[in-house]
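Chemist: Structure: structure_2.cif, mmCIF, C-alpha atoms.
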```cif
data_model
loop_
_atom_site.label_atom_id
_atom_site.label_comp_id
_atom_site.auth_asym_id
_atom_site.auth_seq_id
_atom_site.Cartn_x
_atom_site.Cartn_y
_atom_site.Cartn_z
CA MET X 1 10.42 65.94 81.57
CA THR X 2 10.36 62.92 79.23
CA VAL X 3 7.15 60.93 79.34
CA THR X 4 7.64 57.22 78.57
CA ALA X 5 4.79 55.09 77.26
CA SER X 6 3.60 52.40 79.66
CA ALA X 7 3.79 48.70 78.84
CA ALA X 8 0.02 48.70 78.26
CA GLU X 9 0.29 51.63 75.85
CA ARG X 10 3.12 49.94 73.95
CA ALA X 11 1.13 46.70 73.69
CA ALA X 12 -1.91 48.62 72.48
CA ALA X 13 0.14 50.33 69.77
CA VAL X 14 1.43 46.97 68.51
CA THR X 15 -2.07 45.47 68.60
CA ALA X 16 -3.48 48.39 66.59
CA TYR X 17 -0.64 48.22 64.07
CA TRP X 18 -1.10 44.47 63.60
CA ALA X 19 -4.88 44.85 63.25
CA ARG X 20 -4.38 47.51 60.58
CA TYR X 21 -2.06 45.23 58.63
CA CYS X 22 -4.44 42.26 58.89
CA ALA X 23 -7.32 44.37 57.63
CA GLN X 24 -5.37 45.62 54.63
CA ALA X 25 -3.77 42.25 53.82
CA ALA X 26 -7.00 40.21 54.13
CA LEU X 27 -5.61 38.14 57.01
CA PRO X 28 -7.99 36.86 59.69
CA PRO X 29 -7.72 39.27 62.64
CA SER X 30 -7.07 36.29 64.91
CA THR X 31 -3.82 35.47 63.07
CA PRO X 32 -1.08 35.26 65.74
CA CYS X 33 2.04 37.40 65.65
CA GLN X 34 5.04 38.16 67.81
CA ALA X 35 6.42 41.59 68.66
CA TRP X 36 10.09 42.29 69.35
CA CYS X 37 12.99 44.60 68.58
CA PHE X 38 16.47 43.93 67.29
CA GLY X 39 19.50 44.08 69.57
CA ASP X 40 19.97 45.34 73.10
CA SER X 41 19.88 49.13 72.79
CA PRO X 42 17.70 51.87 71.27
CA LYS X 43 20.43 52.67 68.75
CA MET X 44 20.79 49.08 67.54
CA ALA X 45 17.04 48.47 67.42
CA HIS X 46 16.52 51.59 65.29
CA GLU X 47 19.44 51.00 62.94
CA LEU X 48 18.49 47.39 62.23
CA ALA X 49 14.79 48.19 61.74
CA GLU X 50 15.89 50.84 59.23
CA LEU X 51 17.97 48.20 57.41
CA VAL X 52 14.86 46.06 57.04
CA LEU X 53 12.73 48.94 55.80
CA HIS X 54 15.25 50.74 53.63
CA GLY X 55 18.11 48.32 53.11
CA PRO X 56 19.11 44.74 52.44
CA LYS X 57 18.51 43.11 55.85
CA ARG X 58 16.49 39.93 55.33
CA ALA X 59 17.94 37.71 58.07
CA THR X 60 18.77 37.71 61.75
CA ALA X 61 20.50 35.44 64.27
CA GLY X 62 19.92 34.81 67.96
CA MET X 63 21.21 32.58 70.71
CA VAL X 64 19.39 29.28 71.10
CA ALA X 65 19.81 29.62 74.88
CA TRP X 66 18.05 32.99 74.81
CA ASN X 67 15.12 31.59 72.79
CA GLU X 68 14.77 28.67 75.18
CA THR X 69 14.44 31.00 78.16
CA HIS X 70 12.37 33.60 76.26
CA PRO X 71 9.99 31.48 74.14
CA GLU X 72 7.93 34.57 73.26
CA ASP X 73 10.95 35.76 71.24
CA ALA X 74 11.72 32.43 69.55
CA PRO X 75 11.01 32.51 65.80
CA LEU X 76 8.33 30.20 64.41
CA PRO X 77 8.06 28.58 60.95
CA ASP X 78 5.97 30.89 58.74
CA GLY X 79 5.50 33.15 61.76
CA TYR X 80 4.52 36.81 61.56
CA SER X 81 6.33 39.46 63.61
CA VAL X 82 5.84 43.14 64.31
CA VAL X 83 9.33 44.62 64.53
CA THR X 84 9.46 47.56 66.91
CA GLU X 85 11.80 50.22 68.15
CA HIS X 86 13.43 49.60 71.54
CA ASP X 87 10.57 51.56 73.15
CA GLY X 88 7.94 49.34 71.49
CA THR X 89 6.95 51.66 68.63
CA PRO X 90 5.86 49.45 65.70
CA ARG X 91 7.95 49.80 62.54
CA CYS X 92 7.13 46.92 60.18
CA VAL X 93 5.67 43.44 59.70
CA ILE X 94 7.90 40.56 58.59
CA ARG X 95 7.28 36.86 58.04
CA THR X 96 9.75 34.05 58.72
CA THR X 97 10.67 32.05 55.61
CA TRP X 98 13.56 29.82 56.80
CA LEU X 99 14.98 28.59 60.10
CA ASP X 100 18.12 26.66 60.96
CA ARG X 101 20.30 25.95 63.98
CA ARG X 102 24.05 25.55 63.86
CA PRO X 103 27.17 26.38 65.89
CA LEU X 104 28.20 30.02 65.70
CA ASP X 105 31.51 29.19 64.06
CA GLN X 106 29.69 27.32 61.26
CA VAL X 107 27.61 30.26 60.02
CA ASP X 108 28.47 30.84 56.36
CA ALA X 109 29.11 33.87 54.17
CA THR X 110 25.75 33.60 52.38
CA PHE X 111 23.86 34.06 55.63
CA ALA X 112 26.12 36.94 56.67
CA TRP X 113 25.35 38.63 53.35
CA ASP X 114 21.60 38.20 53.85
CA GLU X 115 21.76 39.81 57.30
CA GLY X 116 22.72 42.98 55.46
CA GLU X 117 24.74 44.55 58.26
CA GLY X 118 28.14 46.26 58.13
CA ASP X 119 30.07 45.37 54.97
CA ARG X 120 28.03 42.11 54.69
CA THR X 121 31.14 39.90 54.86
CA LEU X 122 31.48 36.88 57.14
CA PRO X 123 34.44 38.29 59.15
CA ASP X 124 32.50 41.49 59.85
CA TRP X 125 29.39 39.45 60.76
CA MET X 126 31.40 37.23 63.14
CA ASP X 127 33.02 40.21 64.84
CA GLY X 128 29.71 41.96 65.45
CA HIS X 129 27.85 38.88 66.64
CA ARG X 130 30.64 37.68 68.93
CA ARG X 131 30.57 41.07 70.64
CA TYR X 132 26.77 41.06 70.87
CA PHE X 133 26.47 37.50 72.16
CA SER X 134 29.26 38.18 74.67
CA ARG X 135 27.08 40.96 76.11
CA VAL X 136 24.00 38.70 76.27
CA CYS X 137 25.65 35.61 77.81
CA PRO X 138 26.07 37.00 81.36
CA SER X 139 22.30 37.62 81.65
CA LEU X 140 21.80 33.89 80.99
CA GLY X 141 24.57 32.79 83.32
CA LEU X 142 26.51 31.31 80.41
CA PRO X 143 30.07 31.75 79.15
CA PHE X 144 30.55 32.84 75.56
CA ALA X 145 31.81 30.11 73.21
CA ASN X 146 32.66 30.21 69.52
CA ASP X 147 30.71 27.00 68.96
CA MET X 148 27.61 28.05 70.91
CA PRO X 149 24.35 27.10 69.12
CA VAL X 150 22.64 29.94 67.28
CA GLN X 151 19.22 30.24 65.65
CA LEU X 152 19.37 31.52 62.08
CA GLU X 153 16.29 33.08 60.55
CA ARG X 154 15.51 34.45 57.11
CA PHE X 155 12.42 36.60 56.65
CA GLU X 156 10.68 38.88 54.18
CA LEU X 157 9.20 42.33 54.68
CA LEU X 158 5.42 42.47 54.25
CA TYR X 159 4.42 45.91 55.56
CA PRO X 160 4.51 48.89 55.07
CA PHE X 161 3.47 47.97 51.56
CA ASP X 162 5.55 50.62 49.79
CA ALA X 163 8.75 49.32 51.38
CA ALA X 164 7.82 45.69 50.64
CA LEU X 165 7.20 46.54 46.99
CA ASN X 166 10.51 48.37 46.70
CA PRO X 167 13.24 46.18 48.25
CA VAL X 168 16.45 48.19 48.54
CA ALA X 169 19.90 46.82 47.71
CA CYS X 170 18.78 43.20 47.83
CA GLY X 171 17.31 42.62 44.36
CA PRO X 172 13.90 41.17 43.49
CA ARG X 173 12.28 39.44 46.44
CA ILE X 174 9.70 36.68 46.86
CA VAL X 175 7.21 38.07 49.36
CA PRO X 176 5.06 35.48 51.18
CA GLY X 177 1.80 37.40 51.37
CA TYR X 178 -0.59 39.87 49.78
CA LEU X 179 0.56 43.21 48.40
CA PRO X 180 -1.64 45.89 46.79
CA GLY X 181 -2.04 45.26 43.07
CA ALA X 182 -1.75 41.48 43.38
CA ILE X 183 -5.27 40.71 42.16
CA GLY X 184 -5.02 42.96 39.12
CA THR X 185 -1.52 41.83 38.22
CA ILE X 186 -2.34 38.13 38.47
CA ALA X 187 -5.46 38.60 36.34
CA ALA X 188 -3.60 40.71 33.78
CA GLN X 189 -0.66 38.30 33.40
CA HIS X 190 -2.94 35.30 32.92
CA ALA X 191 -5.36 37.15 30.64
CA LEU X 192 -2.58 38.34 28.35
CA LEU X 193 -1.03 34.89 28.06
CA HIS X 194 -4.30 33.10 27.40
CA ALA X 195 -5.59 35.74 24.98
CA LEU X 196 -2.45 35.72 22.85
CA GLU X 197 -1.78 31.99 22.86
CA TYR X 198 -5.24 30.44 23.11
CA GLY X 199 -7.73 33.11 22.02
CA PHE X 200 -9.48 33.50 25.37
CA ASP X 201 -11.83 36.48 25.68
CA ALA X 202 -12.44 39.09 28.38
CA ARG X 203 -14.55 36.78 30.51
CA PHE X 204 -11.43 34.83 31.46
CA GLU X 205 -9.69 37.86 32.94
CA GLY X 206 -12.79 38.66 35.00
CA ASP X 207 -13.03 35.10 36.28
CA VAL X 208 -9.34 35.04 37.27
CA ALA X 209 -9.71 38.32 39.15
CA GLY X 210 -12.82 37.02 40.88
CA GLY X 211 -11.14 33.76 41.78
CA VAL X 212 -8.12 35.49 43.31
CA ALA X 213 -10.36 37.89 45.22
CA ALA X 214 -12.43 35.00 46.59
CA PHE X 215 -9.27 33.14 47.59
CA LEU X 216 -7.99 36.14 49.52
CA ALA X 217 -11.37 36.68 51.18
CA ARG X 218 -11.17 33.20 52.77
CA PHE X 219 -7.39 33.11 53.15
CA ASP X 220 -6.18 31.09 56.13
CA PRO X 221 -2.40 31.38 56.69
CA ALA X 222 -2.34 27.96 58.36
CA ARG X 223 -3.40 26.20 55.14
CA ASP X 224 -3.11 28.75 52.28
CA GLY X 225 -0.11 30.47 50.74
CA LEU X 226 0.60 33.32 48.35
CA TRP X 227 4.04 34.21 47.01
CA LEU X 228 4.68 37.34 44.95
CA LEU X 229 7.86 38.24 43.06
CA VAL X 230 8.38 41.98 43.52
CA ASP X 231 10.91 44.65 42.60
CA GLY X 232 10.88 48.35 41.87
CA GLY X 233 7.25 48.82 42.87
CA ARG X 234 6.01 46.08 40.52
CA ILE X 235 4.60 42.61 41.07
CA LEU X 236 6.44 40.43 38.57
CA GLY X 237 5.15 36.95 39.36
CA SER X 238 2.82 34.95 41.52
CA LEU X 239 2.05 31.51 42.91
CA ALA X 240 -0.80 30.53 45.23
CA LEU X 241 -1.45 27.42 47.28
CA ASP X 242 -5.18 27.05 47.84
CA GLY X 243 -5.62 24.65 50.72
CA GLY X 244 -9.33 25.16 51.21
CA GLY X 245 -10.83 23.02 48.45
CA ASP X 246 -12.96 19.94 48.93
CA LYS X 247 -10.62 17.87 46.75
CA GLY X 248 -7.40 18.82 48.49
CA ALA X 249 -4.81 21.54 48.07
CA ARG X 250 -4.12 23.11 44.66
CA LEU X 251 -1.37 25.23 43.16
CA ARG X 252 -2.89 28.14 41.25
CA TRP X 253 -1.97 31.28 39.30
CA PHE X 254 1.70 30.45 38.70
CA SER X 255 3.31 33.01 36.40
CA ILE X 256 6.54 34.99 35.99
CA ALA X 257 6.90 38.15 33.89
CA GLY X 258 8.75 37.46 30.66
CA GLU X 259 11.92 39.40 31.48
CA PHE X 260 12.31 37.45 34.73
CA GLN X 261 11.75 33.99 33.29
CA GLY X 262 14.72 31.62 33.19
CA ARG X 263 16.41 33.27 36.20
CA GLY X 264 15.41 30.77 38.87
CA TYR X 265 12.59 32.75 40.46
CA GLY X 266 9.93 30.24 39.44
CA ALA X 267 11.95 27.40 40.97
CA ARG X 268 12.36 29.36 44.21
CA MET X 269 8.65 30.15 44.40
CA LEU X 270 7.71 26.53 43.79
CA ALA X 271 10.21 25.35 46.43
CA ALA X 272 8.70 27.78 48.94
CA ALA X 273 5.20 26.50 48.18
CA LEU X 274 6.20 22.85 48.54
CA ASP X 275 8.00 23.50 51.81
CA PHE X 276 4.90 25.27 53.11
CA CYS X 277 2.71 22.40 51.89
CA ARG X 278 4.73 19.97 54.03
CA ARG X 279 4.52 22.18 57.12
CA ALA X 280 0.78 22.73 56.63
CA GLY X 281 0.21 18.97 56.54
CA HIS X 282 -1.39 18.75 53.10
CA ARG X 283 -1.34 15.16 51.89
CA ARG X 284 -1.74 15.89 48.20
CA LEU X 285 -1.20 18.85 45.90
CA ALA X 286 -2.89 19.20 42.51
CA LEU X 287 -1.92 21.43 39.59
CA ALA X 288 -3.64 22.12 36.28
CA THR X 289 -1.58 23.65 33.48
CA VAL X 290 -1.34 23.75 29.69
CA ALA X 291 0.47 21.28 27.45
CA GLY X 292 3.49 22.48 25.50
CA ARG X 293 5.22 24.49 28.21
CA ASP X 294 8.41 22.45 28.30
CA ALA X 295 10.34 24.54 30.81
CA ALA X 296 7.45 24.37 33.28
CA ARG X 297 7.09 20.64 32.73
CA ARG X 298 10.77 20.07 33.53
CA LEU X 299 10.39 22.17 36.69
CA TYR X 300 7.42 20.10 37.88
CA GLU X 301 9.13 16.81 37.11
CA ARG X 302 12.32 17.85 38.95
CA ASN X 303 10.22 18.57 42.02
CA GLY X 304 8.42 15.23 42.04
CA PHE X 305 5.15 16.07 40.30
CA ARG X 306 3.63 13.33 38.15
CA LEU X 307 1.34 13.79 35.17
CA VAL X 308 -2.00 12.10 35.90
CA GLY X 309 -4.13 13.17 32.93
CA GLU X 310 -4.75 15.39 29.92
CA ALA X 311 -7.88 16.76 28.25
CA ASP X 312 -8.77 19.07 25.37
CA THR X 313 -10.73 22.07 26.64
CA GLU X 314 -12.85 24.71 24.93
CA ALA X 315 -13.53 27.77 27.07
CA TYR X 316 -13.80 31.54 26.81
CA GLY X 317 -13.89 31.29 23.02
CA GLY X 318 -10.54 29.46 22.78
CA LYS X 319 -9.06 25.99 22.81
CA LEU X 320 -6.18 24.38 24.68
CA ARG X 321 -4.99 21.04 26.02
CA GLU X 322 -4.91 20.89 29.79
CA GLN X 323 -2.53 18.76 31.82
CA PHE X 324 -3.21 17.61 35.36
CA TRP X 325 -0.34 17.01 37.76
CA GLU X 326 -0.12 15.74 41.33
CA TRP X 327 2.50 15.93 44.06
CA THR X 328 2.65 14.18 47.40
CA PRO X 329 5.05 14.99 50.27
#
```
Let's see the structure in the file written out as C-alpha cells.
Modeler:
Amino acid sequence: MTVTASAAERAAAVTAYWARYCAQAALPPSTPCQAWCFGDSPKMAHELAELVLHGPKRATAGMVAWNETHPEDAPLPDGYSVVTEHDGTPRCVIRTTWLDRRPLDQVDATFAWDEGEGDRTLPDWMDGHRRYFSRVCPSLGLPFANDMPVQLERFELLYPFDAALNPVACGPRIVPGYLPGAIGTIAAQHALLHALEYGFDARFEGDVAGGVAAFLARFDPARDGLWLLVDGGRILGSLALDGGGDKGARLRWFSIAGEFQGRGYGARMLAAALDFCRRAGHRRLALATVAGRDAARRLYERNGFRLVGEADTEAYGGKLREQFWEWTP
C-alpha cells in the first residue's frame, strides 16, 4: 500500500526547507515565500524541477487567467519561491528577477531559449505551451486562444547552493542573493585591487570582510540587495545595495573578476540593482568609487549617475582620490 503525505505534512516539509534556507542565507525567517510545482502532472513537475537544478531553465510562463483565480500562485516582483515536486516535496529555492505580460503569440525566441525546455526554439516552445494551456483552459471555463494573455517570469536559482554556484548549460549567472564564499570573495577581490593599485594594507581586507558580514547580518530583502556573478563553482563578481543607512541607500562592493570584465556583466548587475532600487522605493542612491576608472565612469554616466564631489584620501597606508556619485529614480 502506498502511503501519501497529508497536506499538513507537505506544508511542514516546505516550511522546514524554507527555514533551513533562510538560516543559511542570512535571510530574516519571516521573509515570505510561495510554494508551487511546475506543470500539471508528476512527470512534468519532476522534469522541469530537474531542468532548474541541473539544466538551463531560468524562466517559466503561465496563464494570466490562472494567476487571477489562484493568486497564491501568481509570481511577485523579487519574490522567493520553493519549487516542489507534484507531491509537495521541496526541491529548490528560486527568486523572481523579471516579469512581463503579453499575448501568447507575441512571446519571442529569447524567452523561449531562457525557458530551457525541449530544443529551446520558439516553435518548440509554442507547440508545448499551446498544448499545456489547452489542457488548463477547461478548468477555468475559458476557450484556448493564440492571443490569450500570458505571464512571463525569469528567475534565478538560489538553493541548493552547489547547484546555484554551478549553473549548467546556461553560462555565468547573476544570482540575486547570498552564496557561500561571498564574504571572502568580496573581501579578497577588493583587497587585491587596493593593495596593488593604492598600497592598502591588511587592515582594509579585514574591514571589507567585516562590513559585508555586518550587512548580511542585518539584511532585509525589502530594502537591501546582493547580486553575485557565478560560474563553475566560483563567485566572479559582486554588487550590493545597502538600503539601511541613515543617509540613504548606497551601492557597495562592486567588482568583476578581470577575465569577465568588458563582457557586459557589470552593466547587467548595475541594471538589476537600479531596477530593485525603484521597486524598493529608495529616493536616492549614493556611490563612492576611485578616480581614474574610465570604464566604470562611463557605465555610471550612461545610467544617470552624476558626480557630486571628489576628495583625496589617505587610509590603510595608501593614497587615492575618491569620487562620490548620486543617482535618483
Chemist: Taking only C-alpha atoms into account, name the residue in X:Lys319, X:Leu27, X:Glu326, X:Pro180 that is nearest to X:Ala195.
Modeler: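 Selected residue with least distance to X:Ala195: X:Lys319.
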Chemist: Can you measure atom CA of X:Arg131 to atom CA of X:Arg58 for me? One decimal in Å is fine.
Modeler: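 The value is 20.8 Å.
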Chemist: For the file shown, report as JSON, numbers by chain the outcome of the PyMOL selection byres ((chain X and resi 183) around 10) at residue level.
Modeler: {"X": [178, 179, 180, 181, 182, 184, 185, 186, 187, 188, 208, 209, 210, 211, 212, 213, 216, 238]}
Chemist: Sort by chain and increasing residue number a table of all residues of stretch 73-138 of chain X within 8 Å of stretch 46-55 of chain X, each with its closest pair of atoms and their distance in Å to one decimal, counting all atoms listed in the file, and write it as CSV.
Modeler:
```
residue,atom,partner,partner_atom,distance
X:Val83,CA,X:Ala49,CA,7.1
X:Thr84,CA,X:Ala49,CA,7.5
X:Glu85,CA,X:His46,CA,5.7
X:His86,CA,X:His46,CA,7.3
X:Arg91,CA,X:Ala49,CA,7.1
X:Cys92,CA,X:Leu53,CA,7.4
X:Gly116,CA,X:Leu51,CA,7.3
X:Glu117,CA,X:Leu51,CA,7.7
```
Chemist: What does the distance from atom CA of X:Arg120 to atom CA of X:Ala272 come to in Å, to one decimal?
Modeler: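 That distance, rounded to one decimal, is 24.7 Å.
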